[in-house]
Structures are given as C-alpha cells and as structure tokens.
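The structure appears below as structure tokens.
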Protein chains: 2
Amino acid sequence: MTSDRLRPATIRADQTTVRRTNLGGVLRHIAGGGPCSRARVAAETGLTRGTVSSLVAELIDLSLLRETGEDESPGRVGRPAQTLELADRTVAVGLEVNVDYLAVSLEDLTGKVRYERQVFVDNRRSAPGPVLDRLVRMARQALDEAERQELLVVGAAVAVPGLVESDSGVVLRAPNLGWTQFAVAGEIGVRLPGLPIRVENEANLAALAEHWQGSAKGSRNFIFVFGEIGVGGGIFVEGELYRGAHGFGGEFGHVTVDFEGGALCACGSHGCLETVVGQEVIAKACGIELDSGGRMQSVTAELVRRAEVGDVLVHRTLDAVGSTLGAALASAVNLFDLEAVVLGGCFGPLAPWLTESVRTALRTRVLSAEWSTCEVYASELGELAAVRGAAALILRDVLSAPWSVGERRLATSEAAS
Amino acid sequence: MTSDRLRPATIRADQTTVRRTNLGGVLRHIAGGGPCSRARVAAETGLTRGTVSSLVAELIDLSLLRETGEDESPGRVGRPAQTLELADRTVAVGLEVNVDYLAVSLEDLTGKVRYERQVFVDNRRSAPGPVLDRLVRMARQALDEAERQELLVVGAAVAVPGLVESDSGVVLRAPNLGWTQFAVAGEIGVRLPGLPIRVENEANLAALAEHWQGSAKGSRNFIFVFGEIGVGGGIFVEGELYRGAHGFGGEFGHVTVDFEGGALCACGSHGCLETVVGQEVIAKACGIELDSGGRMQSVTAELVRRAEVGDVLVHRTLDAVGSTLGAALASAVNLFDLEAVVLGGCFGPLAPWLTESVRTALRTRVLSAEWSTCEVYASELGELAAVRGAAALILRDVLSAPWSVGERRLATSEAAS
DNA sequence: TTAGTTTGCCCGTCGACCATACAAACCCGC
DNA sequence: GCGGGTTTGTATGGTCGACGGGCAAACTAA
C-alpha cells in the first residue's frame, strides 16, 4: 500500500503557470475551433484582446500559429480581422513495429500526412535489435524528408503491439513479437540522439488516431477495439487517452468472456475475449485456412468477400462474434460510462456484419442505455491508424505544452546528423 | 456525435487561479502529510516561506487551518516552529437513503465523526416524498447538533442506491427503492434552502469513504465492490472518484458474467454479475431462507456464522462466488489498470472466505499481473461506509476548493432557520 | 554570554492579466 | 467624396500574487 497521500496532488502555481495555461488554451482553441481572429479568441476564451495578442505573438514566434491574411467574409463591418490558424511546419514522427510490417509517418500539426511508408517484414522471427535498426533507418529517411521540406521535428513515438510501460518506454511483453522487457525508447534514443521518443501500445495509439482524425473525432469518451490476431483496446476519457496507474489500461482483449473454463489464451489465462473474437479464431470458424506466411489483411479481405456474397457460415459466425464483442463492450461501457464504440483493425471492414448485434448487446446490457445511447462506429483509418496515432501523440503533447517546443527543437536538431 | 472539440479544454488562467491553486495545495499538503510548520510546507511545496505565510493566514481566516502551539520535538535547534493542522470546526452532512434504513452523519475536516444516526425503515413501499421528509428531519437534527457544537456546515450529500445523474442531482433509476426520475437534490434543496446538496451513487460514496479513512487509504487506483441485494462498484483513478461522461461510471454489478443467457437481472438484461454474486443469490445457494421483512445484514451474519463453523455448502458457494467475482474484477483491472480491490458491503464480512479465490483469479487473469500486483482488501467500515462517504464528498470539495467555503457558509447560515 | 540555526514576516521587484484608450481599416449612407 | 459607426489590434497604466533578500525573534549548544 503505497502512501501516495503524502505527495501533494497539485504542484505550486506561478505566473509562468498562468502564461503556460493560456498559451495552451489559445493554441487548443484555434486547433479545435478552426481558423479564428484574435478578437474572436478573446471573446470566446474570456481573455482580453491585449492578452490574446501577446499570447498569439509568442505562438507565432514558436512556429505554432501563423497569420493567413484577412477574413474575407462578405457583409462584415469594421476593421477586417487577421485570421490565425495552425502552422504546418511543426511535425512529429510516427513509428510502428507490427508482426508483419514496419511503418513510419510524418504528420504536421494540422493533421496533414507529409510522408508515410510501410514495409512488410516478418518480425516474428527477428530479435528486437535488428528490427529496431531497420525501423531507425526508416525514421532517418523520414527525418531527411522533413529537412528537405524544411519542417521542424518535435519528437517521435513508437507503436508496439504489447504491454508498454509508457513512462519508461519499456516494452514489458509483446507476445506476438516474442519480445520481453525490452527498452525500446532507450534503444531508439541511442540511435537517434536528441529526438524525444515515446512508446505506446498500438491500440491506444490507434484510438488516438480515431480521436484525432477518424470516426471518434467528436467523442470525448469512447472505446476503440482493435481486432487482429489478438484484440486490443484503447479508451478515451474526457478527451484524453486513459492509461491507468502504470499505463497498462485498456487491455480489452483480456476481459473474460468465458467464465466456465474457455480456450487457453496467449496471456496464459483462459476465456479471454481474444480467444473468442480474435481474427484467427474467426477465420477458422469460417473455414478459412491460414498459411503461416500470409498477411492477416488478406484473411480479412477474404472474410469480407464471403460475407458480401452472403456466405451463411460467415454471417452466422459474425453474428456470434458481434454479440460476444457487444456484451464485453457493454461491460466496459457500464464501467467507464462511454458515449461511443469504434470498431477497428479487422473489425473495421467487417463492421457491416457486426454493428447490428453489437448495438443490440449495448442497448440491452448497458444499465444507463435509456439515458445515454452509446453509438457504434467503424474505423475508417485502416491499418495505418496506429502509426498515425503515434505521430498524433507527440503533436498532442505540443498542443498541451506549446512552450516546450523550444527545447524539443533544440534537442532534435542534434538528431539530424 | 457532439462536437465538444470546439470547447477549449482548459479555461483561462489568472492570478486568482494561482492563488486558488496554491491555497488548495497548501491545505491538501497539510491534510495529507499531517501537522506541519510553515517552513516545512514551504520547503516541501517549493513555495517561498513568505508566500506560505500569506496563504496560511488566509486558510486560518477561513477556519480551515489552525495553529496548535510549538513543535516540541527534542534536540531541535533554532527558533521553534509553529505547528499547523487542519481545523475541526468545518463539517459536512452525510445522508443516505437505503432499502431498509435512513442514515445521517456529521463529519469534520479531520475525519472525526461528530454525530451519526441510523434509523431502520422499510423504504421499499414508500413514495419518495415521505422518505425524503423523514430524511430531512434527520438532517435538521444534525444541523441543530452542529449549531450546538458551534460547527460550520459547508454542505450535504445524499447516498442513493441507484443510477444518479450527479451534475443535476437527479436519481434516474433506483430499482430496489422503486424510484424513477426523481430530483433528490432539488427536493431536499427546497426543504433545506441554502445548504449545497449533492447526490451520488452509494457505491461510489462507499468507495470514497474507503479512500478517505478505510482500507484504500493509500491506494490512488482501486475498485470498491459493494455487495448487497444488487452489486455496486466505485472506482478511483489517480486519487479521484471515476464518474465518466454522465456520472454513470463504475456500474460493476451489471458487467456480464454469463454470456450464454444467464438469469434475468433487475436491470432487464441477462447474466449480470449481480445475478450470480448478489446477496440474495448467495443466501439461496446456501439454503438460507429470506423472510421478506428481515434485514439483509442478519443474512450476512448467518452466512458468516455458518462459514465459521465450516459449513461445506457455504464454503463451496463462496469459493465459486470468489472466482466469478475475481474474474469480473480482473476484467475491470485489465481495463482500468488498478492497484487494489476492496471488498465491501456483504463481501466485507465474508472476505475471509472470498479473498483467496479472488486473488487467484486476479493473478491468472490480469495481463499485467507480473508487473503490478493488485492487492485485495476487505472493507472495515461496514454498513455506514456510504453515509460517511457522503460527508467526505463535501469535505473533499472543500479541500480542493478551499476558497469556496466563504460562499458555502454564507448560504448554509440561511438553512439553519 | 555568545555564536549558530531556524522561523516567520516585511519590502522591493517582476511578470502576467485587466481595463481603458487609441489608431487603423473597413462599411454604409448621404 | 466624406463623415459616422463598427470592429480589430496595439499601447499604457493598474493590480495582484509570487519571488528574493533581508531582518528580528527565539531557541540550542558551547
């Protein structure tokens, strides 16, 4: 029983705190509300126009905002407003290690993808070191591209399919990669000195991408389910990624759905959700052969093809998957009080045959269903959700702590060499 | 899809924000760290001694802190420190409506219970109005007692066994009371004008009590399970009660544990946890008769008695209850990444025969069990946990917003009449 | 008695926001 | 074409709150 009560919950505040809060507030206001004049920002945030001017000047100086000419809406009276919007020179690097591919992306503050690459490699058999070497080479290419486009890199994040201790950047366990206790952030940091590195679970990052640009754009409280060989989950609470005490939160795939024994799971337990609705299990139930070298995505494609032509076995299987998934989701919604569910990974393409039964399960099993309906969406981002989410993680850091970009850039300039 | 993105996440900051933050910081530092001198507070918070002096002066003025003589520890050199500790004149009223009783309590900032009363009434058959009338009479007696002891009342909270919209103070549904859509805060507010009233789910408040004074004192992330006729849950995340988007979070009793049909639940669904480990179900499985008028507590007592003398049926039943409960808890821990589980309500007294199987389930089913063990505790607070938690809810408000007590007291002074 | 230490308060400074005033730029009607 | 009304963005003085240094008070130890 750790006695955390002794530590004060809130650190001392200061005028720099005020400045930082307001810098972030103004930046996020424009990020969330779209292009906007100083005067409107002032009116909507409650700050004085003078204060907003000063804050905006600093944000422009940090290359986070830019002035984009005058507001040309017709019929306006008075002095024309100078429109402010997010600058697009600040970018973050997204990296992803997955079972059968590596990926890298370069995304700017406005959400535009400036560079993206995916390489198919079977990482199941490789040791972590060589895999990272390869990933770092891809990252270097992205950094070169950033330099060519005269972009300012503020950091990188790595998506990993496994249990990540996000504070330290250590991957504790990635069963499908065969990694245990590997310091990913440290190892990449050595190879790319100066570049701030974060590591996160792929499902969490995919959820972040959904919130940043995908189906969950307007939802502040939702769960993203990520169907692969395993099943991952990422949960957003009040617009923030839910991590929990150590960053292990959102492990939706290991929620128990078979309480009377059930199949053995890769995690060592029995009756986990992923033993029932994992992609391999679905494929087998539908009578689809798995050739060990083939990519899982083709399996999904085959399932979709069969479902589209009305294969009864597939429909029946997906119905069952939907109700089990729905019941498990309902439990999560009962615990977290969520507004939406986003089906991603292989569940995205299969959504047309899943949503109905998921919705039914939610309607009947969520206690508060009568007062707060939980929507069901399909992910549209596809396979690259996680790597985009990785970049978005860093960009969100910038939005919530804009004053930090100075140091970030100072550091990353070293990494360019 | 509500477009909450437009609203800025953080409101503008100000020097009054700074002052408030620091007032709260100093107060919580002393509340959490025990009696302390100004100089130590300064050293430990990072504030200047001068600033701390000024903040402490204001807190003393608000009757939240008091100076209690000099530090008499031997061997100290230098000018003796003036010890500061929480003042005990500020109190909150806790109220509780339960199926078979009403309760009221008066608790001060230091956690001392200044007054407490429990009245056994069968509220199942009464309309909400008369029940509240009775409860308000009890509250008035508590307010009289507060006046007699010269205490300053800062607010009241009501614990209700049901779904509560905490912002509005409306009870949406309390199946065991037979209430629907009843504005508890409003109705009590009319009868006790001026007294700030909050309404919360009883399990959430019991969890709060566990964190405030009970078994979960040192845990910042834990789930409290509340076994009664139904099963409730209260979840703490980073030292704060988890509510979710609408305040419906933590509904642990309606997590699905039987995915193949299962018994019909009071909520209208099938296979909810409370249909398997609810108190009535346990009692029946152990062959204990339920006389409709009797209090549930006596049933628990009987179960404990039989377990103590080694009744095999009871032991076997509780083993099964423990593993189901444990598996459901493991799902919650996988989702929330919690450090502890507290067994309360009827599970408290029965804990000796439950913890082992709960622990086993957690160890095998929690994905991160290897890196973060989840402790299992039994609640020691018993039946009055919720009503104490209700008072604690208000007292926590005071700790997190000490500057508000001025207005609070201004208001409550009217309610005294 | 004296030196050393710690505490708590006073005072000048600094930084950040607010309120107000003001100039710039535009629309509209005459 | 020109002045009135309107809106925008900046400049200026005021206030508030924390910081830093200094200082008297109060106690211990030699």
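Order determines the names: the first chain of the structure tokens is A, the second B, and so forth; residues in each chain are numbered 1 upward, and ligands are numbered 1 upward as they are shown.
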- Message: I'd like the neighbourhood of range 223-235 of chain B as a count of residues only, where a residue qualifies if any of its atoms comes within 9 Å (using only C-alpha atoms (C1' of nucleotides)), though same-chain residues fewer than 5 positions away should be ignored.
- Response: 50
Closest atom pairs, chain A residues within 12 Å of chain D, only C-alpha atoms (C1' of nucleotides), as CSV:
```
residue,atom,partner,partner_atom,distance
A:Arg12,CA,D:DA18,C1',10.2
A:Ala13,CA,D:DA18,C1',8.8
A:Asp14,CA,D:DA18,C1',6.4
A:Gln15,CA,D:DA18,C1',7.5
A:Thr16,CA,D:DA18,C1',10.2
A:Thr17,CA,D:DA18,C1',11.3
A:Val18,CA,D:DG17,C1',11.3
A:Ser37,CA,D:DT8,C1',9.0
A:Arg38,CA,D:DG9,C1',8.0
A:Ala39,CA,D:DT8,C1',6.9
A:Arg40,CA,D:DT8,C1',10.0
A:Ala42,CA,D:DT8,C1',11.5
A:Thr48,CA,D:DG9,C1',11.4
A:Arg49,CA,D:DG9,C1',7.7
A:Gly50,CA,D:DT10,C1',7.2
A:Thr51,CA,D:DT10,C1',10.5
A:Val52,CA,D:DG9,C1',10.0
A:Ser53,CA,D:DG9,C1',7.5
A:Ser54,CA,D:DT10,C1',9.7
A:Val56,CA,D:DG9,C1',11.6
A:Ala57,CA,D:DG9,C1',11.7
A:Glu70,CA,D:DT8,C1',11.0
A:Asp71,CA,D:DT8,C1',11.3
A:Arg76,CA,D:DT7,C1',9.0
A:Val77,CA,D:DT6,C1',6.1
A:Gly78,CA,D:DT7,C1',3.9
A:Arg79,CA,D:DT7,C1',5.0
A:Pro80,CA,D:DT8,C1',6.6
A:Ala81,CA,D:DT8,C1',6.0
A:Gln82,CA,D:DT8,C1',8.3
A:Thr83,CA,D:DT8,C1',11.2
```
Can you write just those residues out, C-alpha atoms, as a short mmCIF file (atom, residue, chain, number, x, y, z; two decimals), in the first residue's frame?
```cif
data_model
loop_
_atom_site.label_atom_id
_atom_site.label_comp_id
_atom_site.auth_asym_id
_atom_site.auth_seq_id
_atom_site.Cartn_x
_atom_site.Cartn_y
_atom_site.Cartn_z
CA ARG A 12 2.57 25.08 -6.85
CA ALA A 13 1.30 27.62 -9.27
CA ASP A 14 3.13 30.60 -10.51
CA GLN A 15 2.76 33.33 -13.10
CA THR A 16 4.61 31.15 -15.56
CA THR A 17 1.88 28.59 -14.89
CA VAL A 18 -0.67 31.17 -15.89
CA SER A 37 -9.20 36.07 -35.36
CA ARG A 38 -7.55 37.36 -32.19
CA ALA A 39 -10.72 39.19 -31.27
CA ARG A 40 -12.82 36.06 -31.52
CA ALA A 42 -10.54 36.77 -26.85
CA THR A 48 -8.57 40.30 -23.03
CA ARG A 49 -7.73 41.15 -26.62
CA GLY A 50 -4.47 42.57 -25.43
CA THR A 51 -3.55 39.37 -23.65
CA VAL A 52 -4.53 37.29 -26.65
CA SER A 53 -2.35 39.45 -28.87
CA SER A 54 0.61 38.84 -26.63
CA VAL A 56 -0.55 34.82 -30.18
CA ALA A 57 2.69 36.69 -30.84
CA GLU A 70 -7.72 38.87 -43.70
CA ASP A 71 -11.11 37.44 -43.06
CA ARG A 76 -18.72 42.32 -42.37
CA VAL A 77 -18.37 45.80 -40.97
CA GLY A 78 -15.40 47.23 -39.13
CA ARG A 79 -11.71 46.65 -39.47
CA PRO A 80 -11.05 43.29 -41.09
CA ALA A 81 -9.77 40.55 -38.82
CA GLN A 82 -6.42 38.88 -39.31
CA THR A 83 -7.11 35.17 -39.48
#
```
- Query: Please, which residues of chain C lie no more than 9 Å from chain A when the count uses only C-alpha atoms (C1' of nucleotides), and can they be set out as a PyMOL selection string?
  - Reply: chain C and resi 15-18+24-28
Include N, CA and C atoms (P, O5', C5', C4', C3', O3' and C1' of nucleotides) and write out the residues we just selected as an mmCIF file, in the first residue's frame.
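Writing the result to out.cif gives the following:
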```
data_model
loop_
_atom_site.group_PDB
_atom_site.id
_atom_site.type_symbol
_atom_site.label_atom_id
_atom_site.label_comp_id
_atom_site.auth_asym_id
_atom_site.auth_seq_id
_atom_site.Cartn_x
_atom_site.Cartn_y
_atom_site.Cartn_z
ATOM 1 P P DG C 15 10.527 39.974 -15.442
ATOM 2 O "O5'" DG C 15 9.305 39.028 -15.767
ATOM 3 C "C5'" DG C 15 9.050 37.878 -14.965
ATOM 4 C "C4'" DG C 15 7.564 37.616 -14.896
ATOM 5 C "C3'" DG C 15 6.837 37.788 -16.234
ATOM 6 O "O3'" DG C 15 6.054 36.637 -16.451
ATOM 7 C "C1'" DG C 15 5.739 39.027 -14.553
ATOM 8 P P DA C 16 5.473 36.328 -17.938
ATOM 9 O "O5'" DA C 16 3.913 36.523 -17.702
ATOM 10 C "C5'" DA C 16 3.255 35.724 -16.724
ATOM 11 C "C4'" DA C 16 1.861 36.258 -16.545
ATOM 12 C "C3'" DA C 16 1.185 36.651 -17.858
ATOM 13 O "O3'" DA C 16 -0.030 35.946 -18.022
ATOM 14 C "C1'" DA C 16 1.022 38.396 -16.244
ATOM 15 P P DC C 17 -0.939 36.145 -19.298
ATOM 16 O "O5'" DC C 17 -2.174 36.939 -18.693
ATOM 17 C "C5'" DC C 17 -2.890 36.397 -17.598
ATOM 18 C "C4'" DC C 17 -3.765 37.464 -16.972
ATOM 19 C "C3'" DC C 17 -4.777 38.079 -17.942
ATOM 20 O "O3'" DC C 17 -6.072 38.069 -17.357
ATOM 21 C "C1'" DC C 17 -3.525 39.785 -16.879
ATOM 22 P P DC C 18 -7.351 38.502 -18.240
ATOM 23 O "O5'" DC C 18 -7.689 39.946 -17.653
ATOM 24 C "C5'" DC C 18 -7.838 40.140 -16.254
ATOM 25 C "C4'" DC C 18 -8.129 41.603 -15.956
ATOM 26 C "C3'" DC C 18 -9.130 42.246 -16.912
ATOM 27 O "O3'" DC C 18 -10.114 42.950 -16.173
ATOM 28 C "C1'" DC C 18 -7.124 43.515 -16.862
ATOM 29 P P DA C 24 -3.049 55.626 -37.414
ATOM 30 O "O5'" DA C 24 -3.541 54.259 -38.065
ATOM 31 C "C5'" DA C 24 -2.970 53.027 -37.619
ATOM 32 C "C4'" DA C 24 -3.798 51.881 -38.172
ATOM 33 C "C3'" DA C 24 -4.259 52.079 -39.609
ATOM 34 O "O3'" DA C 24 -4.028 50.885 -40.333
ATOM 35 C "C1'" DA C 24 -6.127 51.627 -38.229
ATOM 36 P P DA C 25 -4.100 50.894 -41.903
ATOM 37 O "O5'" DA C 25 -5.497 50.214 -42.222
ATOM 38 C "C5'" DA C 25 -5.765 48.907 -41.722
ATOM 39 C "C4'" DA C 25 -7.235 48.618 -41.875
ATOM 40 C "C3'" DA C 25 -7.814 48.993 -43.251
ATOM 41 O "O3'" DA C 25 -8.418 47.850 -43.820
ATOM 42 C "C1'" DA C 25 -9.189 49.776 -41.506
ATOM 43 P P DC C 26 -8.710 47.787 -45.355
ATOM 44 O "O5'" DC C 26 -10.301 47.794 -45.416
ATOM 45 C "C5'" DC C 26 -11.028 46.712 -44.830
ATOM 46 C "C4'" DC C 26 -12.362 47.217 -44.323
ATOM 47 C "C3'" DC C 26 -13.320 47.749 -45.374
ATOM 48 O "O3'" DC C 26 -14.178 46.707 -45.811
ATOM 49 C "C1'" DC C 26 -13.465 48.902 -43.264
ATOM 50 P P DC C 27 -15.246 46.999 -46.979
ATOM 51 O "O5'" DC C 27 -16.526 47.497 -46.178
ATOM 52 C "C5'" DC C 27 -17.172 46.627 -45.245
ATOM 53 C "C4'" DC C 27 -18.427 47.286 -44.708
ATOM 54 C "C3'" DC C 27 -19.383 47.769 -45.810
ATOM 55 O "O3'" DC C 27 -20.695 47.291 -45.536
ATOM 56 C "C1'" DC C 27 -18.828 49.581 -44.348
ATOM 57 P P DC C 28 -21.824 47.448 -46.647
ATOM 58 O "O5'" DC C 28 -22.546 48.774 -46.178
ATOM 59 C "C5'" DC C 28 -22.885 48.936 -44.797
ATOM 60 C "C4'" DC C 28 -23.398 50.336 -44.563
ATOM 61 C "C3'" DC C 28 -24.296 50.875 -45.677
ATOM 62 O "O3'" DC C 28 -25.543 51.269 -45.122
ATOM 63 C "C1'" DC C 28 -22.596 52.468 -45.128
#
```
- Task: Would you give me, as a VMD selection string, the residues of chain B that come within 7 Å of chain A, using only C-alpha atoms?
- Result: chain B and resid 1 to 6 8 10 to 15 18 21 to 22 25 28 to 29 32 to 33 45 to 47 218 to 219 221 244 to 246 248 to 252 254 to 257 259 267 269 327 331 334 to 338 364 to 365 367 to 368
I need the residues from that last selection saved to file as a PDB file, in the first residue's frame (with C-alpha atoms), if you can.
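See part_11.pdb below for the written result:
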```pdb
ATOM      1  CA  MET B   1     -21.729  12.919 -32.325  1.00  0.00           C
ATOM      2  CA  THR B   2     -21.476  16.019 -30.177  1.00  0.00           C
ATOM      3  CA  SER B   3     -18.789  18.394 -31.326  1.00  0.00           C
ATOM      4  CA  ASP B   4     -17.136  19.002 -27.995  1.00  0.00           C
ATOM      5  CA  ARG B   5     -13.863  19.714 -29.708  1.00  0.00           C
ATOM      6  CA  LEU B   6     -14.848  23.308 -30.157  1.00  0.00           C
ATOM      7  CA  PRO B   8     -11.476  24.690 -25.153  1.00  0.00           C
ATOM      8  CA  THR B  10      -8.742  24.467 -20.324  1.00  0.00           C
ATOM      9  CA  ILE B  11     -10.280  27.660 -19.147  1.00  0.00           C
ATOM     10  CA  ARG B  12      -8.226  30.794 -18.959  1.00  0.00           C
ATOM     11  CA  ALA B  13      -5.854  31.212 -16.087  1.00  0.00           C
ATOM     12  CA  ASP B  14      -5.430  34.232 -13.969  1.00  0.00           C
ATOM     13  CA  GLN B  15      -3.550  35.257 -10.849  1.00  0.00           C
ATOM     14  CA  VAL B  18      -2.661  30.912  -8.999  1.00  0.00           C
ATOM     15  CA  THR B  21      -4.226  26.591  -6.709  1.00  0.00           C
ATOM     16  CA  ASN B  22      -1.734  27.413  -4.005  1.00  0.00           C
ATOM     17  CA  GLY B  25      -2.032  22.972  -2.490  1.00  0.00           C
ATOM     18  CA  ARG B  28      -4.002  19.458   0.897  1.00  0.00           C
ATOM     19  CA  HIS B  29      -0.361  19.228   1.817  1.00  0.00           C
ATOM     20  CA  GLY B  32      -2.319  14.598   3.551  1.00  0.00           C
ATOM     21  CA  GLY B  33       1.002  14.983   5.294  1.00  0.00           C
ATOM     22  CA  THR B  45       5.899  22.576  -1.891  1.00  0.00           C
ATOM     23  CA  GLY B  46       8.570  24.798  -3.390  1.00  0.00           C
ATOM     24  CA  LEU B  47       6.730  27.965  -2.420  1.00  0.00           C
ATOM     25  CA  GLY B 218      -3.080   4.631   0.438  1.00  0.00           C
ATOM     26  CA  SER B 219      -4.374   3.497  -2.948  1.00  0.00           C
ATOM     27  CA  ASN B 221      -6.269   3.482  -8.155  1.00  0.00           C
ATOM     28  CA  GLY B 244     -17.422   9.028 -16.622  1.00  0.00           C
ATOM     29  CA  ALA B 245     -19.199  11.173 -19.158  1.00  0.00           C
ATOM     30  CA  HIS B 246     -22.505  11.483 -17.288  1.00  0.00           C
ATOM     31  CA  PHE B 248     -22.859   6.659 -14.627  1.00  0.00           C
ATOM     32  CA  GLY B 249     -19.442   5.032 -14.373  1.00  0.00           C
ATOM     33  CA  GLY B 250     -18.446   2.174 -12.117  1.00  0.00           C
ATOM     34  CA  GLU B 251     -21.600   0.113 -12.612  1.00  0.00           C
ATOM     35  CA  PHE B 252     -19.769  -3.056 -11.781  1.00  0.00           C
ATOM     36  CA  HIS B 254     -24.012  -5.141 -14.463  1.00  0.00           C
ATOM     37  CA  VAL B 255     -20.862  -6.439 -16.020  1.00  0.00           C
ATOM     38  CA  THR B 256     -21.793  -9.580 -17.927  1.00  0.00           C
ATOM     39  CA  VAL B 257     -20.501 -12.828 -16.443  1.00  0.00           C
ATOM     40  CA  PHE B 259     -22.562 -14.864 -21.892  1.00  0.00           C
ATOM     41  CA  CYS B 267     -31.949  -4.118 -14.950  1.00  0.00           C
ATOM     42  CA  SER B 269     -30.604  -7.765 -19.044  1.00  0.00           C
ATOM     43  CA  ALA B 327     -12.771 -12.884 -12.912  1.00  0.00           C
ATOM     44  CA  SER B 331     -11.658  -7.585 -16.346  1.00  0.00           C
ATOM     45  CA  ASN B 334      -7.389  -5.060 -17.207  1.00  0.00           C
ATOM     46  CA  LEU B 335      -9.399  -2.089 -18.358  1.00  0.00           C
ATOM     47  CA  PHE B 336      -8.530   0.381 -15.585  1.00  0.00           C
ATOM     48  CA  ASP B 337      -5.060  -0.795 -14.516  1.00  0.00           C
ATOM     49  CA  LEU B 338      -5.840  -0.718 -10.800  1.00  0.00           C
ATOM     50  CA  THR B 364      -4.082 -15.507 -13.531  1.00  0.00           C
ATOM     51  CA  ARG B 365      -6.401 -13.212 -15.445  1.00  0.00           C
ATOM     52  CA  LEU B 367      -2.426  -9.318 -18.096  1.00  0.00           C
ATOM     53  CA  SER B 368      -0.030  -7.090 -16.215  1.00  0.00           C
TER      54      SER B 368
END
```
- Item | DSSP-assigned alpha helix (DSSP H) among range 160-302 of chain B, expressed as a PyMOL selection string | chain B and resi 184-191+202-212+274-277+279-285+296-302
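For Gln141 in chain B, the set of protein, DNA and RNA residues having any atom at most 10 Å away, when counting only C-alpha atoms (C1' of nucleotides) and skipping those fewer than 6 positions along the same chain, is Val104, Tyr115, Arg117, Leu135 and Glu147 of chain B.
Here CA of Glu308 in chain B stands at a distance of 21.6 Å from CA of Thr360 in chain B.
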- Residue set, range 340-399 of chain B restricted to strand (DSSP E), as a PyMOL selection string: chain B and resi 340-345+375-378
Selection from above, C-alpha atoms, as a compact mmCIF listing (two decimals), in the first residue's frame, can you write it?
```txt
# COMPACT_ATOMS: atom_id res chain seq x y z
CA ALA B 340 -6.20 -2.66 -5.36
CA VAL B 341 -9.60 -4.21 -4.91
CA VAL B 342 -11.68 -3.54 -1.81
CA LEU B 343 -14.49 -5.93 -0.90
CA GLY B 344 -17.33 -4.14 0.81
CA GLY B 345 -20.98 -4.48 1.70
CA GLU B 375 -3.97 -6.19 -3.68
CA VAL B 376 -7.25 -7.42 -2.22
CA TYR B 377 -8.58 -5.79 0.95
CA ALA B 378 -11.72 -6.19 2.98
```
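If you look at CA of Asp100 in chain B and CA of Arg295 in chain B, they are 6.9 Å away from each other.
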